[in-house]
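Notes for the one structure printed next.
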Amino acid sequence: MSNEESNNITSILIVDDLPENLIAIEAVLRKTNYRIDTAQSGKEAIEKILHNDYDCILLDVQMPGMDGFEVAEILGTNEETRNIPIIFIAALSTDKHYVLRGYKTGAVEYLNKPLDSDILKIKVETFSQLHIQKKEIVRAHSETKRVNSILEDQSSEMNASIRYAKNIQNAIFPSEQSFYSIFPDSFIFYKPKDIVGGDFYWLSVTRGKVVLACADCTGHGVPGALMTMVGNNLLKQAVEAKQLLSPALILEDMKNGLQNTFHQNNLTGKINDGMEVCVCVFDFDNNIVEYSGARTPLLLMQDGIPVIIKPDSHGLSRETPTNAKYTNHSVTLKAGDCLYMFSDGYADQFGGPNNKRFMKKNLLKTLTAIANENMQIQKDNLEKIFDEWKGELSQVDDVLLIGIKI
């Protein structure tokens with residue numbers, strides 16, 4: 001018999017000092033699917049109970065040496081045996097004193113001899129099945145706790161790894177100190193959906209010009225964060241290694257580099273991951289900014305009038321046509337002008353009274369309304385509006401919004 005089959009059989013212990021009583025009770029229960037064991041003394045019963053797993057104990061009250069009450073009291077002090085159902089079988093008087101003592105020692109039933117075989121079978125079946133069900137519940141609860149503990153440990157390790165990844169990601173991003181030293185009146189509203197995010201910005205001063213990029217990578221969390229590493233490296237190659245200062249050429253070089261990075265043709269599925277990028281090259285000596293966008297616009301606020309400079313319709317991905325080009329736009333700047341670069345996370349956030357997206361038109365209205373404020377106040381207002389709109393809902397995407405006042 002296998003262990004599993006053995007575990008499925010109800011195990012009964014009959015304790016009585018008279019062999020004829022053991023034979024009689026065993027005969028009543030023999031036709032049922034029970035594994036029946038016997039003991040002829042309290043001492044023998046305790047030894048067997050400590051070494052075996054029983055689902056019900058039929059315990060004679062009056063035995064020499066150690067009576068049934070004493071056996072039950074000893075079992076009640078042991079964590080592993082205290083919950084085994086005990087049915088007392090007594091030849092003693094049905095006097096209330098004996099019955100109460102039986103129940104006080106932890107018995108579930110008190111039967112008198114001579115026994116009614118039908119009642120005995122029903123009692124044994126009922127209490128043994130209740131005990132088996134209780135053991136299953138305890139076992140399931142224990143297994144659940146064990147699995148939960150494993151999951152908590154794994155989650156803790158994973159979160160620790162992701163937090164460390166966030167430190168790496170932050171180290172690669174431009175420092176706020178360097179950003180604000182170049183753009184003193186500006187703000188960065190960066191709010192990743194998860195610990196790490198798929199939105200990033202990039203900054204470089206090359207040959208007297210400032211290159212600033214705002215990018216939204218496919219996905220968020222860890223997959224998005226991995227794509228930010230790719231994007232960061234592509235920008236460094238285009239601007240710092242190849243010395244490209246045309247936003248359109250920078251985007252084209254990034255597209256080519258990304259397609260070379262994901263060149264595998266033997267994959268079972270397509271890699272459509274990529275990014276939407278806005279690149280601005282500032283020439284402060286001539287008060288000019290050149291812009292090119294891969295599905296990401298640039299908002300210029302000039303004399304209180306919003307001007308949206310539209311991007312090209314193709315982003316940067318493995319599926320972007322290899323002959324795709326990007327358009328350069330040149331804008332003459334003057335004091336007081338505001339430039340805004342942003343991912344779609346702010347506009348795509350669900351919330352408000354009707355649980356709808358915030359929408360780009362509302363973001364444009366918001367930026368137009370606050371454009372005359374200093375940039376820190378603008379950032380505070382944007383954060384407040386975003387949080388109030390989102391309310392109790394989950395954040396749906398990473399948010400990156402950069403504002404610069406000339």
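All residue names refer to the structure tokens as shown: chains lettered A, B, ... in order, residues numbered from 1 in each chain, ligands numbered from 1 in order.
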Can you tell me, as a list of chain:residue names, what residues are no more than 6 Å from range 194-202 of chain A when counting only C-alpha atoms, ignoring any on the same chain fewer than 2 positions away? A:Lys166, A:Pro192, A:Leu212, A:Ala213, A:Cys214, A:Ala215, A:Asp216, A:Cys217, A:His220, A:Gly221, A:Gly224, A:Ala225, A:Thr228
If we count only C-alpha atoms, what is near range 350-360 of chain A at a cut-off of 9 Å, once residues fewer than 4 positions away on the same chain are taken out, given as a PyMOL selection string? chain A and resi 344+346+364-365+386+388-396
Quick one: pick out all strand (DSSP E or B) residues within range 32-90 of chain A from a backbone DSSP run and write them as a PyMOL selection string. chain A and resi 34-39+56-60+86-90
Can I get the residues of range 49-72 of chain A within 10 Å of range 126-142 of chain A, each with the closest pair of atoms and their distance in Å to one decimal, using only C-alpha atoms, sorted chain first then ascending number, as JSON lines?
```
{"residue": "A:Tyr54", "atom": "CA", "partner": "A:Ser128", "partner_atom": "CA", "distance": 8.7}
{"residue": "A:Asp55", "atom": "CA", "partner": "A:Ser128", "partner_atom": "CA", "distance": 5.0}
{"residue": "A:Cys56", "atom": "CA", "partner": "A:Ser128", "partner_atom": "CA", "distance": 5.2}
{"residue": "A:Ile57", "atom": "CA", "partner": "A:Ser128", "partner_atom": "CA", "distance": 8.8}
```
Looking at A:Leu400, A:Ala171, A:Leu249, A:Val279, which one is nearest to Met229 in chain A, with distances taken over only C-alpha atoms? A:Ala171
Long-range neighbours of range 179-189 of chain A as an MDAnalysis selection string, 8 Å cut-off, only C-alpha atoms, 4 positions minimum in chain: chainID A and resid 174:175 203 374:376 379 383 399:406
Of the listed residues A:Val99, A:Asp387, A:Pro85, A:Glu44, that which approaches Val61 in chain A most closely, counting only C-alpha atoms: A:Val99
How would you write, as a count of residues only, the set of residues in range 71-232 of chain A that DSSP gives as helix (DSSP H, G or I)? 90
Could you list, as a PDB file with N, CA and C atoms, in the first residue's frame, every residue within 9 Å of Lys325 in chain A, counting only C-alpha atoms and ignoring same-chain residues fewer than 5 positions away?
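selection05.pdb, written as the output of this step:
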```
ATOM      1  N   ALA A 248      17.453  65.981 -36.142  1.00  0.00           N
ATOM      2  CA  ALA A 248      16.948  64.983 -37.084  1.00  0.00           C
ATOM      3  C   ALA A 248      17.972  63.881 -37.316  1.00  0.00           C
ATOM      4  N   LEU A 249      19.253  64.245 -37.450  1.00  0.00           N
ATOM      5  CA  LEU A 249      20.291  63.241 -37.669  1.00  0.00           C
ATOM      6  C   LEU A 249      20.518  62.402 -36.409  1.00  0.00           C
ATOM      7  N   LEU A 251      18.162  61.567 -34.256  1.00  0.00           N
ATOM      8  CA  LEU A 251      17.076  60.590 -34.241  1.00  0.00           C
ATOM      9  C   LEU A 251      17.303  59.477 -35.263  1.00  0.00           C
ATOM     10  N   GLU A 252      17.777  59.851 -36.434  1.00  0.00           N
ATOM     11  CA  GLU A 252      18.018  58.846 -37.467  1.00  0.00           C
ATOM     12  C   GLU A 252      19.116  57.874 -37.029  1.00  0.00           C
ATOM     13  N   ASP A 312       7.429  63.974 -36.286  1.00  0.00           N
ATOM     14  CA  ASP A 312       7.198  63.031 -37.371  1.00  0.00           C
ATOM     15  C   ASP A 312       6.405  61.847 -36.823  1.00  0.00           C
ATOM     16  N   HIS A 314       6.621  58.602 -37.235  1.00  0.00           N
ATOM     17  CA  HIS A 314       7.252  57.324 -36.891  1.00  0.00           C
ATOM     18  C   HIS A 314       8.199  57.483 -35.700  1.00  0.00           C
TER      19      HIS A 314
END
```
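Closest approach to Leu300 in chain A among A:Asn260, A:Leu367, A:Gln237, A:Ser313: A:Leu367, based on only C-alpha atoms.
Omitting Met254 in chain A and its sequence neighbours fewer than 5 positions away, and counting only C-alpha atoms, the residues within 9 Å are Gly231, Leu234, Leu235, Gln237, Ala238, Leu249, Gln259 and Leu316 of chain A.
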Surrounding residues of Asn286 in chain A excluding itself and chain neighbours under 6 positions, 12 Å, only C-alpha atoms, as a count of residues only: 7
